[in-house]
>>> print(open('run38.txt').read())   # compact mmCIF, C-alpha atoms
# COMPACT_ATOMS: atom_id res chain seq x y z
CA MET U 1 102.18 45.04 103.23
CA GLY U 2 105.05 44.99 100.75
CA ASN U 3 103.29 42.18 98.91
CA LEU U 4 100.04 44.13 98.58
CA LEU U 5 101.87 47.26 97.38
CA GLU U 6 103.70 45.12 94.84
CA HIS U 7 100.38 43.53 93.83
CA MET U 8 98.97 47.01 93.25
CA GLY U 9 101.82 47.77 90.89
CA ILE U 10 104.35 49.58 93.08
CA GLU U 11 107.82 48.31 92.16
CA ARG U 12 109.24 45.95 94.78
CA ASP U 13 112.58 47.77 94.91
CA ARG U 14 110.89 50.91 96.25
CA ILE U 15 109.76 49.11 99.38
CA HIS U 16 112.28 48.27 102.05
CA PHE U 17 111.98 46.89 105.54
CA SER U 18 114.88 46.86 107.91
CA TRP U 19 115.72 46.49 111.57
CA ILE U 20 118.77 48.50 112.58
CA SER U 21 119.98 49.11 116.10
CA SER U 22 121.21 52.59 117.04
CA ALA U 23 124.62 50.95 117.55
CA GLU U 24 124.75 49.64 113.98
CA ALA U 25 125.90 52.74 112.14
CA THR U 26 127.65 50.82 109.37
CA LYS U 27 124.59 48.68 108.73
CA PHE U 28 122.50 51.85 108.48
CA VAL U 29 124.86 53.32 105.90
CA ASP U 30 124.92 50.09 103.89
CA VAL U 31 121.14 49.75 103.86
CA VAL U 32 120.57 53.38 102.87
CA LYS U 33 123.15 53.08 100.09
CA GLU U 34 121.50 49.93 98.80
CA ILE U 35 118.03 51.51 98.91
CA SER U 36 119.07 54.71 97.18
CA ASN U 37 120.89 52.77 94.45
CA LYS U 38 117.85 50.60 93.79
CA VAL U 39 115.43 53.53 93.78
CA ARG U 40 117.75 55.60 91.57
CA ALA U 41 117.78 52.76 89.06
CA LEU U 42 113.96 52.82 88.96
CA GLY U 43 113.73 56.58 88.39
CA PRO U 44 111.12 58.94 89.82
CA ASN U 45 107.99 57.39 91.28
CA LYS U 46 104.75 58.46 89.64
CA LYS U 47 102.43 56.10 91.45
CA LEU U 48 100.60 56.99 94.68
CA VAL U 49 101.91 60.53 94.31
CA LYS U 50 99.55 63.43 94.70
CA ASP U 51 99.49 65.90 91.83
CA TYR U 52 98.80 69.36 93.22
CA ASN U 53 98.85 71.13 89.85
CA MET C 1 66.46 27.46 101.03
CA ASP C 2 62.68 27.93 101.04
CA THR C 3 62.24 25.40 103.81
CA CYS C 4 65.03 26.99 105.75
CA ILE C 5 63.13 30.18 106.52
CA GLN C 6 60.29 28.27 108.21
CA LYS C 7 62.89 26.64 110.44
CA ILE C 8 64.55 30.02 111.15
CA ARG C 9 61.20 31.59 112.09
CA GLU C 10 60.34 28.63 114.30
CA ILE C 11 63.68 28.80 116.11
CA ALA C 12 63.42 32.58 116.51
CA PHE C 13 59.84 32.26 117.81
CA GLN C 14 60.86 29.65 120.38
CA LEU C 15 63.87 31.67 121.54
CA LEU C 16 61.82 34.84 122.04
CA ASP C 17 58.88 32.95 123.50
CA LYS C 18 61.03 31.27 126.14
CA LYS C 19 62.91 34.54 126.66
CA GLU C 20 66.19 32.76 126.00
CA VAL C 21 67.29 35.75 123.96
CA GLU C 22 66.22 39.38 124.01
CA ARG C 23 66.50 40.03 120.31
CA VAL C 24 67.02 38.19 117.07
CA ILE C 25 69.10 39.68 114.26
CA GLY C 26 68.14 38.47 110.80
CA PHE C 27 67.10 39.63 107.36
CA SER C 28 63.79 41.15 106.29
CA ASN C 29 62.49 42.09 102.89
CA GLY C 30 63.78 45.38 101.61
CA THR C 31 61.74 48.11 100.00
CA ILE C 32 62.55 47.00 96.45
CA PRO C 33 62.64 43.52 94.91
CA MET C 34 65.89 41.55 95.17
CA ALA C 35 66.92 43.48 98.29
CA THR C 36 66.94 42.37 101.88
CA SER C 37 68.00 44.42 104.84
CA PRO C 38 69.13 43.50 108.33
CA ILE C 39 66.44 43.62 111.00
CA THR C 40 66.42 43.25 114.77
CA ILE C 41 63.26 41.80 116.23
CA ALA C 42 62.34 41.70 119.88
CA SER C 43 58.82 40.30 119.82
CA LYS C 44 57.77 36.83 118.74
CA GLN C 45 54.96 38.25 116.58
CA ASP C 46 57.60 39.84 114.39
CA THR C 47 59.31 36.57 113.49
CA GLU C 48 57.10 36.50 110.36
CA LYS C 49 59.14 39.43 109.11
CA LEU C 50 62.27 37.30 108.91
CA VAL C 51 63.32 36.12 105.46
CA PHE C 52 66.25 34.19 104.11
CA ASN C 53 67.06 33.79 100.43
CA SER C 54 69.86 34.31 97.92
CA THR C 55 69.75 38.07 98.27
CA CYS C 56 70.91 38.12 101.91
CA GLY C 57 74.43 39.10 100.92
CA LEU C 58 75.28 41.36 103.86
CA ASN C 59 77.09 40.05 106.90
CA LEU C 60 75.05 40.00 110.11
CA ALA C 61 78.15 39.58 112.26
CA ASN C 62 78.49 43.33 111.75
CA TYR C 63 75.52 43.97 114.05
CA ILE C 64 76.32 41.83 117.07
CA ARG C 65 78.87 44.10 118.74
CA GLN C 66 78.00 46.30 121.71
CA GLN C 67 74.61 44.73 122.23
CA LYS C 68 73.16 44.35 125.70
CA GLY C 69 71.69 41.06 126.85
CA LYS C 70 71.68 37.80 124.97
CA ILE C 71 70.99 38.01 121.27
CA ALA C 72 70.43 35.49 118.52
CA VAL C 73 71.94 35.97 115.09
CA ILE C 74 71.43 34.19 111.81
CA ALA C 75 74.76 33.18 110.35
CA LYS C 76 75.85 31.86 106.98
CA GLY C 77 79.25 30.17 106.70
CA CYS C 78 81.13 33.44 106.28
CA ASP C 79 79.08 35.26 108.95
CA SER C 80 79.93 32.51 111.42
CA ARG C 81 83.64 32.95 110.65
CA ASN C 82 83.30 36.65 111.39
CA ILE C 83 81.60 35.80 114.68
CA VAL C 84 84.64 33.65 115.53
CA THR C 85 86.87 36.61 114.61
CA HIS C 86 84.78 38.84 116.90
CA ILE C 87 85.20 36.36 119.75
CA ILE C 88 88.98 36.19 119.18
CA GLU C 89 89.15 40.00 119.12
CA ASN C 90 87.04 40.33 122.29
CA GLN C 91 84.19 42.12 120.57
CA VAL C 92 81.57 39.66 121.81
CA LYS C 93 81.49 36.84 124.30
CA ARG C 94 80.50 33.43 123.01
CA ASP C 95 77.84 32.99 125.68
CA GLN C 96 76.20 36.29 124.79
CA ILE C 97 75.19 35.17 121.33
CA TYR C 98 72.97 32.36 120.17
CA ILE C 99 73.97 31.42 116.63
CA ILE C 100 71.33 30.15 114.24
CA GLY C 101 73.56 28.62 111.58
CA VAL C 102 72.42 28.44 107.97
CA PRO C 103 74.27 26.15 105.55
CA CYS C 104 74.63 28.47 102.57
CA LYS C 105 74.20 27.70 98.88
CA GLY C 106 75.63 31.03 97.83
CA MET C 107 74.28 34.50 97.31
CA ILE C 108 73.46 36.04 93.96
CA ASN C 109 75.23 38.79 92.10
CA LYS C 110 72.49 41.42 91.90
CA SER C 111 74.39 43.70 89.53
CA LYS C 112 74.79 40.88 87.03
CA ILE C 113 71.03 40.24 87.09
CA LYS C 114 70.18 43.94 86.92
CA ALA C 115 72.40 44.22 83.83
CA LEU C 116 70.04 41.85 81.98
CA PHE C 117 67.24 44.40 82.23
CA GLU C 118 66.97 47.88 80.83
CA ASP C 119 64.20 48.86 83.23
CA ASP C 120 63.66 48.34 86.95
CA ILE C 121 63.13 44.87 88.31
CA LEU C 122 59.62 44.55 89.74
CA LYS C 123 59.53 40.98 90.96
CA PHE C 124 62.07 38.42 92.13
CA ASP C 125 61.29 34.84 93.05
CA GLU C 126 63.48 31.93 93.94
CA ASP C 127 62.77 28.22 93.87
CA GLY C 128 65.77 26.03 94.52
CA ASP C 129 68.23 26.72 91.73
CA THR C 130 65.73 28.66 89.62
CA LEU C 131 65.42 32.41 89.82
CA THR C 132 62.50 34.20 88.20
CA VAL C 133 63.07 37.89 87.64
CA GLU C 134 60.49 40.21 86.14
CA SER C 135 60.48 43.80 84.98
CA SER C 136 57.66 45.65 83.24
CA SER C 137 59.04 44.66 79.84
CA LYS C 138 60.23 41.08 80.26
CA LYS C 139 60.54 38.02 82.44
CA GLU C 140 63.70 35.96 82.78
CA THR C 141 64.14 32.50 84.24
CA LEU C 142 67.73 32.08 85.41
CA SER C 143 69.85 29.37 86.92
CA LYS C 144 71.15 30.54 90.28
CA LYS C 145 74.49 28.76 89.73
CA GLU C 146 75.32 31.09 86.86
CA TYR C 147 74.53 34.22 88.85
CA LEU C 148 76.41 33.49 92.06
CA ARG C 149 78.64 36.21 93.48
CA ASP C 150 82.34 35.72 92.75
CA ASN C 151 83.19 35.13 96.41
CA CYS C 152 80.40 32.53 96.75
CA ARG C 153 81.68 30.75 93.67
CA LEU C 154 85.09 30.35 95.34
CA CYS C 155 83.70 29.68 98.84
CA GLN C 156 85.09 26.67 100.67
CA HIS C 157 83.25 27.21 103.95
CA LYS C 158 79.56 27.24 103.14
CA ASN C 159 78.56 25.60 106.41
CA PRO C 160 78.76 27.60 109.64
CA VAL C 161 81.89 26.79 111.61
CA ILE C 162 80.24 27.68 114.90
CA TYR C 163 76.54 27.49 115.80
CA ASP C 164 74.06 26.62 118.50
CA ILE C 165 71.50 25.23 116.11
CA LEU C 166 71.44 24.60 112.37
CA ALA C 167 68.42 25.73 110.38
CA GLY C 168 69.06 23.29 107.53
CA ASP C 169 71.04 20.25 106.50
CA PRO C 170 74.75 20.87 105.96
CA VAL C 171 75.69 21.34 102.33
CA LYS C 172 78.61 19.72 100.56
CA GLU C 173 81.77 21.82 100.72
CA GLN C 174 83.80 22.30 97.57
CA VAL C 175 87.57 21.89 97.61
CA LEU C 176 89.33 24.05 95.07
CA ASP C 177 92.70 23.17 93.55
CA VAL C 178 93.21 26.83 92.72
CA PRO C 179 91.50 28.82 95.50
CA TYR C 180 92.72 32.24 94.31
CA PRO C 181 92.46 32.33 90.50
CA ASP C 182 91.49 36.02 90.55
CA VAL C 183 94.63 37.01 92.49
CA GLU C 184 96.86 34.94 90.24
CA LYS C 185 95.36 36.55 87.17
CA ILE C 186 96.34 40.02 88.43
CA ALA C 187 99.74 38.81 89.67
CA ALA C 188 100.56 37.53 86.17
CA LEU C 189 100.48 41.10 84.83
CA ASP C 190 103.55 43.34 84.93
CA ALA C 191 103.86 46.15 87.48
CA ASP C 192 102.46 48.89 85.25
CA ALA C 193 99.54 46.75 84.10
CA ARG C 194 98.72 45.91 87.72
CA TRP C 195 98.83 49.59 88.59
CA ILE C 196 96.46 50.38 85.70
CA HIS C 197 94.16 47.55 86.82
CA PHE C 198 93.80 49.06 90.29
CA GLN C 199 93.46 52.59 88.89
CA GLU C 200 90.60 51.43 86.68
CA LEU C 201 89.10 49.48 89.57
CA THR C 202 88.90 52.45 91.93
CA LYS C 203 88.27 55.25 89.45
CA ASN C 204 84.52 55.36 90.15
CA CYS C 205 84.89 55.29 93.94
CA ILE C 206 82.83 58.06 95.53
CA ARG C 207 84.37 57.59 99.00
CA CYS C 208 80.96 56.79 100.53
CA TYR C 209 82.63 54.20 102.82
CA ALA C 210 79.75 51.76 102.33
CA CYS C 211 82.37 48.98 102.01
CA ARG C 212 83.80 49.91 105.37
CA ASN C 213 80.41 50.24 107.05
CA ALA C 214 79.21 46.88 105.74
CA CYS C 215 82.39 45.16 106.88
CA PRO C 216 82.23 43.36 110.25
CA LEU C 217 85.98 43.87 110.64
CA CYS C 218 85.75 47.67 110.49
CA TYR C 219 84.72 48.55 114.00
CA CYS C 220 87.34 51.12 115.07
CA PRO C 221 85.60 53.90 117.05
CA THR C 222 87.24 56.40 114.71
CA CYS C 223 88.32 55.09 111.33
CA PHE C 224 91.68 56.35 110.03
CA VAL C 225 89.89 58.12 107.16
CA ASP C 226 87.80 60.13 109.63
CA GLU C 227 90.70 61.21 111.84
CA SER C 228 91.60 64.86 111.62
CA GLY C 229 94.55 65.07 113.95
CA PRO C 230 96.61 63.89 112.18
CA GLN C 231 94.72 63.58 108.95
CA TRP C 232 96.17 60.38 107.53
CA VAL C 233 94.49 60.61 104.15
CA GLY C 234 92.82 63.35 102.11
CA LYS C 235 89.04 63.30 102.12
CA GLY C 236 88.35 64.16 98.50
CA GLN C 237 88.23 62.29 95.22
CA ASP C 238 91.94 62.65 94.48
CA LYS C 239 93.00 59.31 93.03
CA THR C 240 95.95 59.00 95.37
CA ASP C 241 93.66 59.46 98.38
CA VAL C 242 91.17 56.97 96.96
CA ASN C 243 93.95 54.43 96.44
CA THR C 244 95.38 55.08 99.89
CA PHE C 245 91.97 54.50 101.46
CA HIS C 246 91.42 51.20 99.65
CA PHE C 247 94.96 49.99 100.24
CA LEU C 248 94.95 50.75 103.96
CA ARG C 249 91.42 49.52 104.56
CA ALA C 250 92.38 46.24 102.93
CA PHE C 251 95.54 45.99 104.99
CA HIS C 252 93.57 46.50 108.21
CA CYS C 253 91.68 43.36 107.20
CA ALA C 254 94.82 41.28 106.64
CA GLY C 255 94.49 37.84 108.19
CA ARG C 256 90.97 38.71 109.36
CA CYS C 257 88.95 38.87 106.15
CA THR C 258 86.60 35.94 105.53
CA ASP C 259 85.78 37.04 101.96
CA CYS C 260 82.09 37.37 102.87
CA GLY C 261 81.61 39.87 100.05
CA ALA C 262 79.62 42.39 102.12
CA CYS C 263 81.93 45.19 100.91
CA VAL C 264 81.18 44.45 97.27
CA GLU C 265 77.50 43.90 98.05
CA ALA C 266 77.30 47.34 99.65
CA CYS C 267 79.25 49.22 96.96
CA PRO C 268 76.92 51.50 94.99
CA MET C 269 79.49 51.79 92.21
CA ASP C 270 80.02 48.03 91.76
CA ILE C 271 83.71 48.18 92.59
CA ASN C 272 85.17 44.77 93.30
CA VAL C 273 87.12 45.89 96.39
CA ARG C 274 87.83 42.22 97.03
CA ASP C 275 90.72 42.56 94.56
CA PHE C 276 92.60 44.16 97.46
CA THR C 277 91.57 41.88 100.33
CA ARG C 278 91.87 38.68 98.32
CA LYS C 279 95.59 39.23 97.83
CA LEU C 280 96.02 39.45 101.60
CA ASN C 281 93.87 36.37 102.15
CA LYS C 282 96.08 34.48 99.71
CA ASP C 283 99.23 35.71 101.46
CA ALA C 284 97.86 34.72 104.86
CA PHE C 285 97.11 31.27 103.47
CA ASP C 286 100.42 30.84 101.62
CA MET C 287 102.66 32.20 104.37
CA PHE C 288 100.85 31.15 107.53
CA GLY C 289 98.42 28.45 106.35
CA TRP C 290 95.77 30.71 107.79
CA GLU C 291 92.14 31.20 106.91
CA ALA C 292 90.34 33.64 109.17
CA GLY C 293 87.63 32.65 111.59
CA LEU C 294 87.95 28.89 111.61
CA ASP C 295 89.23 28.32 115.13
CA GLN C 296 88.38 30.23 118.31
CA THR C 297 91.51 28.98 120.07
CA LYS C 298 94.10 30.26 117.57
CA ARG C 299 95.52 33.76 117.46
CA PRO C 300 95.55 35.40 114.01
CA PRO C 301 98.97 35.46 112.27
CA LEU C 302 99.54 39.22 112.56
CA ASP C 303 98.78 38.99 116.27
CA ALA C 304 101.18 36.23 117.18
CA TYR C 305 104.91 35.63 116.88
CA SER C 306 106.43 32.39 115.80
CA PRO C 307 110.12 31.73 115.08
CA ASP C 308 108.92 30.12 111.82
CA ASP C 309 107.34 33.34 110.55
CA PRO C 310 108.58 34.20 107.06
CA ASN C 311 111.05 37.09 107.46
CA ASP C 312 113.03 37.22 104.24
CA PHE C 313 111.51 40.64 103.42
CA ILE C 314 113.52 42.30 106.20
CA LYS C 315 117.18 43.15 105.96
>>> encode(input="run38.txt", output="C-alpha cells")
Amino acid sequence: MGNLLEHMGIERDRIHFSWISSAEATKFVDVVKEISNKVRALGPNKKLVKDYN
Amino acid sequence: MDTCIQKIREIAFQLLDKKEVERVIGFSNGTIPMATSPITIASKQDTEKLVFNSTCGLNLANYIRQQKGKIAVIAKGCDSRNIVTHIIENQVKRDQIYIIGVPCKGMINKSKIKALFEDDILKFDEDGDTLTVESSSKKETLSKKEYLRDNCRLCQHKNPVIYDILAGDPVKEQVLDVPYPDVEKIAALDADARWIHFQELTKNCIRCYACRNACPLCYCPTCFVDESGPQWVGKGQDKTDVNTFHFLRAFHCAGRCTDCGACVEACPMDINVRDFTRKLNKDAFDMFGWEAGLDQTKRPPLDAYSPDDPNDFIK
C-alpha cells in the first residue's frame, strides 16, 4: 500500500507502518517523534487533500 | 482465430445437446461494428450467435459467479486465470464450470483504431493478422500486431492455464526481459511528476464505475464506494475522491489482478486505470514471486503468512 501511494507521488516519509504493544510506551513516543520530524521536514501535504473552498 | 469460432460453436452445441451444461457464456456481436458483448445461451440453436475475434476484450470470468447448475464459459488466457482466482476465493467450484479454453493472440485497442477515423466505423473485418476497417469516408487495412492493447502486448500467459477443452492450438508464449516497462517509466519520475501523471490520468473520470463492473475481481455485495454508513469516499467529481476511488479499487486487486484489461476496455473515457493495478502486479511479482491465477493450490500472497515475507516497511 505504501508502495502504491509512493508510486502515485505521495512522499514516502508521510507513510508509516508500525506495530507497537500497549506496554511499549517508549517505543510509541520514539516512533511518533520520528514521524512528526519527518513530516515536519516535508511541510504541509497538498496531495489527496480535499479543498472545500 | 477464424477457425476457432467454428470449434467453439461445435463444442457449445455438443455440450448443450448432451445436456452436459445448462448454459454457455460467450461473446456475441454487439450492436455496432468492432464491439462484442457477453451472451448467455441456453439452447443449442443459439450457438450460431457465438462469436470470437480480436474485439472480445471483456473478461467472461466476471459472469460465472452465483450461477445455478453447470455452465460452460469461453476463456482466454487471462479469463482462465481469473477463473482460478474465483476458485481460490470460493466464488465458484471447479466442477460447476466447463472451461472452453481459447489460446489468445491478443485483443485490439479499439480507441487507437477509432482515432484513425473522423467519422463512425461502419464495418470491421479480421483475417489472421489483417484488420480491415471501413467508415463512410475511407477504408483502412491494418496489421493487428500494431493495434494490440497494451496489456496484450505485455501478456505472458496467452494460453489458458486451466481448461476442459481447447478450441484451438496453443500459441507460443512470449518471455519478456522487462515485464513492467510502463511501471518503470512512471517510477523513474520524481514524486511531484508522478503525482501530476496520476492527476492527468484520472482528470476525465466520470465515476461511472464501468472499470469496477467489468472487473471479475470486484464482486463485493456492496462496494466501498457505494457504502453510506460510513461513507468511505465522496461520491462526486472532487479530484481527491476520484483519486481515492482509483487508489483503493486498485489496492483491492493487489495480488489478484491478472491484467486482463477489462477495466480499460470498459472505460468510456479511455483512462488507462491499469497504471494503478500494474504497480501492484509488479510488487506482487518482485516481493512474492507471485502472478495471480496460475495455481489453484496456492494461496495469494496477501492471504497467507510466511516468515520470509518482506517486512522492512514496518518499524
>>> residues_around(input="run38.txt", residues="U:Ser18", least_positions_apart="5", cutoff="9 Å", atoms="all atoms listed in the file", output="list in words")
Val31 of chain U; Phe313, Ile314 and Lys315 of chain C
>>> residues_around(input="run38.txt", residues="C:Asn272", least_positions_apart="5", cutoff="9 Å", atoms="all atoms listed in the file", output="number ranges by chain")
C: 201-202, 263-264, 267
>>> atom_distance(input="run38.txt", atom1="atom CA of C:Asn109", atom2="atom CA of C:Ile32")
15.7 Å
>>> residues_around(input="run38.txt", residues="C:Ser143", least_positions_apart="2", cutoff="8 Å", atoms="all atoms listed in the file", output="PDB file with C-alpha atoms, in the coordinates of the input")
ATOM      1  CA  ASP C 129      68.230  26.720  91.730  1.00  0.00           C
ATOM      2  CA  THR C 130      65.730  28.660  89.620  1.00  0.00           C
ATOM      3  CA  LEU C 131      65.420  32.410  89.820  1.00  0.00           C
ATOM      4  CA  THR C 141      64.140  32.500  84.240  1.00  0.00           C
ATOM      5  CA  LYS C 145      74.490  28.760  89.730  1.00  0.00           C
ATOM      6  CA  GLU C 146      75.320  31.090  86.860  1.00  0.00           C
ATOM      7  CA  TYR C 147      74.530  34.220  88.850  1.00  0.00           C
TER       8      TYR C 147
END
>>> atom_distance(input="run38.txt", atom1="atom CA of U:Ser22", atom2="atom CA of U:Ser36")
20.1 Å
>>> decode(input="run38.txt", residues="stretch 98-109 of chain C", atoms="all heavy atoms", output="PDB file, in the first residue's frame")
ATOM      1  N   TYR C  98     -17.482 -25.654 -16.922  1.00  0.00           N
ATOM      2  CA  TYR C  98     -16.807 -26.343 -18.009  1.00  0.00           C
ATOM      3  C   TYR C  98     -16.088 -25.258 -18.797  1.00  0.00           C
ATOM      4  O   TYR C  98     -16.724 -24.345 -19.315  1.00  0.00           O
ATOM      5  CB  TYR C  98     -17.832 -27.078 -18.875  1.00  0.00           C
ATOM      6  CG  TYR C  98     -17.204 -27.958 -19.927  1.00  0.00           C
ATOM      7  CD1 TYR C  98     -17.002 -29.314 -19.702  1.00  0.00           C
ATOM      8  CD2 TYR C  98     -16.796 -27.421 -21.151  1.00  0.00           C
ATOM      9  CE1 TYR C  98     -16.419 -30.132 -20.664  1.00  0.00           C
ATOM     10  CE2 TYR C  98     -16.209 -28.223 -22.110  1.00  0.00           C
ATOM     11  CZ  TYR C  98     -16.024 -29.588 -21.863  1.00  0.00           C
ATOM     12  OH  TYR C  98     -15.438 -30.379 -22.816  1.00  0.00           O
ATOM     13  N   ILE C  99     -14.768 -25.328 -18.843  1.00  0.00           N
ATOM     14  CA  ILE C  99     -13.999 -24.230 -19.442  1.00  0.00           C
ATOM     15  C   ILE C  99     -13.582 -24.564 -20.870  1.00  0.00           C
ATOM     16  O   ILE C  99     -12.877 -25.549 -21.111  1.00  0.00           O
ATOM     17  CB  ILE C  99     -12.759 -23.900 -18.586  1.00  0.00           C
ATOM     18  CG1 ILE C  99     -13.187 -23.577 -17.151  1.00  0.00           C
ATOM     19  CG2 ILE C  99     -11.977 -22.737 -19.187  1.00  0.00           C
ATOM     20  CD1 ILE C  99     -12.055 -23.579 -16.152  1.00  0.00           C
ATOM     21  N   ILE C 100     -14.091 -23.750 -21.791  1.00  0.00           N
ATOM     22  CA  ILE C 100     -13.678 -23.874 -23.189  1.00  0.00           C
ATOM     23  C   ILE C 100     -12.526 -22.896 -23.387  1.00  0.00           C
ATOM     24  O   ILE C 100     -12.723 -21.689 -23.507  1.00  0.00           O
ATOM     25  CB  ILE C 100     -14.844 -23.546 -24.151  1.00  0.00           C
ATOM     26  CG1 ILE C 100     -16.067 -24.406 -23.828  1.00  0.00           C
ATOM     27  CG2 ILE C 100     -14.401 -23.714 -25.596  1.00  0.00           C
ATOM     28  CD1 ILE C 100     -17.338 -23.965 -24.533  1.00  0.00           C
ATOM     29  N   GLY C 101     -11.312 -23.402 -23.347  1.00  0.00           N
ATOM     30  CA  GLY C 101     -10.130 -22.545 -23.407  1.00  0.00           C
ATOM     31  C   GLY C 101      -9.834 -22.090 -24.829  1.00  0.00           C
ATOM     32  O   GLY C 101      -9.985 -22.849 -25.785  1.00  0.00           O
ATOM     33  N   VAL C 102      -9.450 -20.822 -24.946  1.00  0.00           N
ATOM     34  CA  VAL C 102      -9.077 -20.292 -26.260  1.00  0.00           C
ATOM     35  C   VAL C 102      -7.669 -19.703 -26.174  1.00  0.00           C
ATOM     36  O   VAL C 102      -7.455 -18.713 -25.487  1.00  0.00           O
ATOM     37  CB  VAL C 102     -10.054 -19.177 -26.707  1.00  0.00           C
ATOM     38  CG1 VAL C 102      -9.678 -18.682 -28.097  1.00  0.00           C
ATOM     39  CG2 VAL C 102     -11.484 -19.661 -26.679  1.00  0.00           C
ATOM     40  N   PRO C 103      -6.687 -20.324 -26.843  1.00  0.00           N
ATOM     41  CA  PRO C 103      -5.366 -19.708 -26.904  1.00  0.00           C
ATOM     42  C   PRO C 103      -5.515 -18.358 -27.608  1.00  0.00           C
ATOM     43  O   PRO C 103      -6.098 -18.283 -28.682  1.00  0.00           O
ATOM     44  CB  PRO C 103      -4.552 -20.695 -27.746  1.00  0.00           C
ATOM     45  CG  PRO C 103      -5.283 -21.991 -27.615  1.00  0.00           C
ATOM     46  CD  PRO C 103      -6.731 -21.623 -27.526  1.00  0.00           C
ATOM     47  N   CYS C 104      -5.002 -17.311 -26.981  1.00  0.00           N
ATOM     48  CA  CYS C 104      -5.349 -15.954 -27.404  1.00  0.00           C
ATOM     49  C   CYS C 104      -4.190 -15.293 -28.128  1.00  0.00           C
ATOM     50  O   CYS C 104      -3.044 -15.393 -27.694  1.00  0.00           O
ATOM     51  CB  CYS C 104      -5.724 -15.156 -26.157  1.00  0.00           C
ATOM     52  SG  CYS C 104      -6.084 -13.444 -26.467  1.00  0.00           S
ATOM     53  N   LYS C 105      -4.509 -14.622 -29.233  1.00  0.00           N
ATOM     54  CA  LYS C 105      -3.447 -13.896 -29.961  1.00  0.00           C
ATOM     55  C   LYS C 105      -3.521 -12.405 -29.680  1.00  0.00           C
ATOM     56  O   LYS C 105      -2.952 -11.598 -30.395  1.00  0.00           O
ATOM     57  CB  LYS C 105      -3.572 -14.181 -31.450  1.00  0.00           C
ATOM     58  CG  LYS C 105      -3.176 -15.614 -31.786  1.00  0.00           C
ATOM     59  CD  LYS C 105      -3.469 -15.946 -33.220  1.00  0.00           C
ATOM     60  CE  LYS C 105      -3.239 -17.434 -33.463  1.00  0.00           C
ATOM     61  NZ  LYS C 105      -4.158 -17.968 -34.459  1.00  0.00           N
ATOM     62  N   GLY C 106      -4.238 -12.056 -28.660  1.00  0.00           N
ATOM     63  CA  GLY C 106      -4.307 -10.643 -28.262  1.00  0.00           C
ATOM     64  C   GLY C 106      -5.571  -9.977 -28.765  1.00  0.00           C
ATOM     65  O   GLY C 106      -6.151 -10.384 -29.756  1.00  0.00           O
ATOM     66  N   MET C 107      -5.980  -8.982 -28.025  1.00  0.00           N
ATOM     67  CA  MET C 107      -7.180  -8.217 -28.383  1.00  0.00           C
ATOM     68  C   MET C 107      -6.733  -6.843 -28.879  1.00  0.00           C
ATOM     69  O   MET C 107      -5.661  -6.371 -28.539  1.00  0.00           O
ATOM     70  CB  MET C 107      -8.073  -8.055 -27.148  1.00  0.00           C
ATOM     71  CG  MET C 107      -8.633  -9.385 -26.659  1.00  0.00           C
ATOM     72  SD  MET C 107      -9.809 -10.044 -27.838  1.00  0.00           S
ATOM     73  CE  MET C 107      -9.430 -11.798 -27.785  1.00  0.00           C
ATOM     74  N   ILE C 108      -7.607  -6.214 -29.654  1.00  0.00           N
ATOM     75  CA  ILE C 108      -7.193  -4.944 -30.262  1.00  0.00           C
ATOM     76  C   ILE C 108      -7.611  -3.742 -29.418  1.00  0.00           C
ATOM     77  O   ILE C 108      -8.583  -3.795 -28.668  1.00  0.00           O
ATOM     78  CB  ILE C 108      -7.765  -4.786 -31.682  1.00  0.00           C
ATOM     79  CG1 ILE C 108      -9.277  -5.029 -31.677  1.00  0.00           C
ATOM     80  CG2 ILE C 108      -7.032  -5.670 -32.662  1.00  0.00           C
ATOM     81  CD1 ILE C 108      -9.984  -4.441 -32.843  1.00  0.00           C
ATOM     82  N   ASN C 109      -6.844  -2.693 -29.602  1.00  0.00           N
ATOM     83  CA  ASN C 109      -7.112  -1.420 -28.930  1.00  0.00           C
ATOM     84  C   ASN C 109      -8.095  -0.634 -29.795  1.00  0.00           C
ATOM     85  O   ASN C 109      -7.721  -0.016 -30.790  1.00  0.00           O
ATOM     86  CB  ASN C 109      -5.779  -0.682 -28.773  1.00  0.00           C
ATOM     87  CG  ASN C 109      -5.928   0.604 -28.011  1.00  0.00           C
ATOM     88  OD1 ASN C 109      -7.006   1.191 -27.952  1.00  0.00           O
ATOM     89  ND2 ASN C 109      -4.839   1.051 -27.426  1.00  0.00           N
TER      90      ASN C 109
END
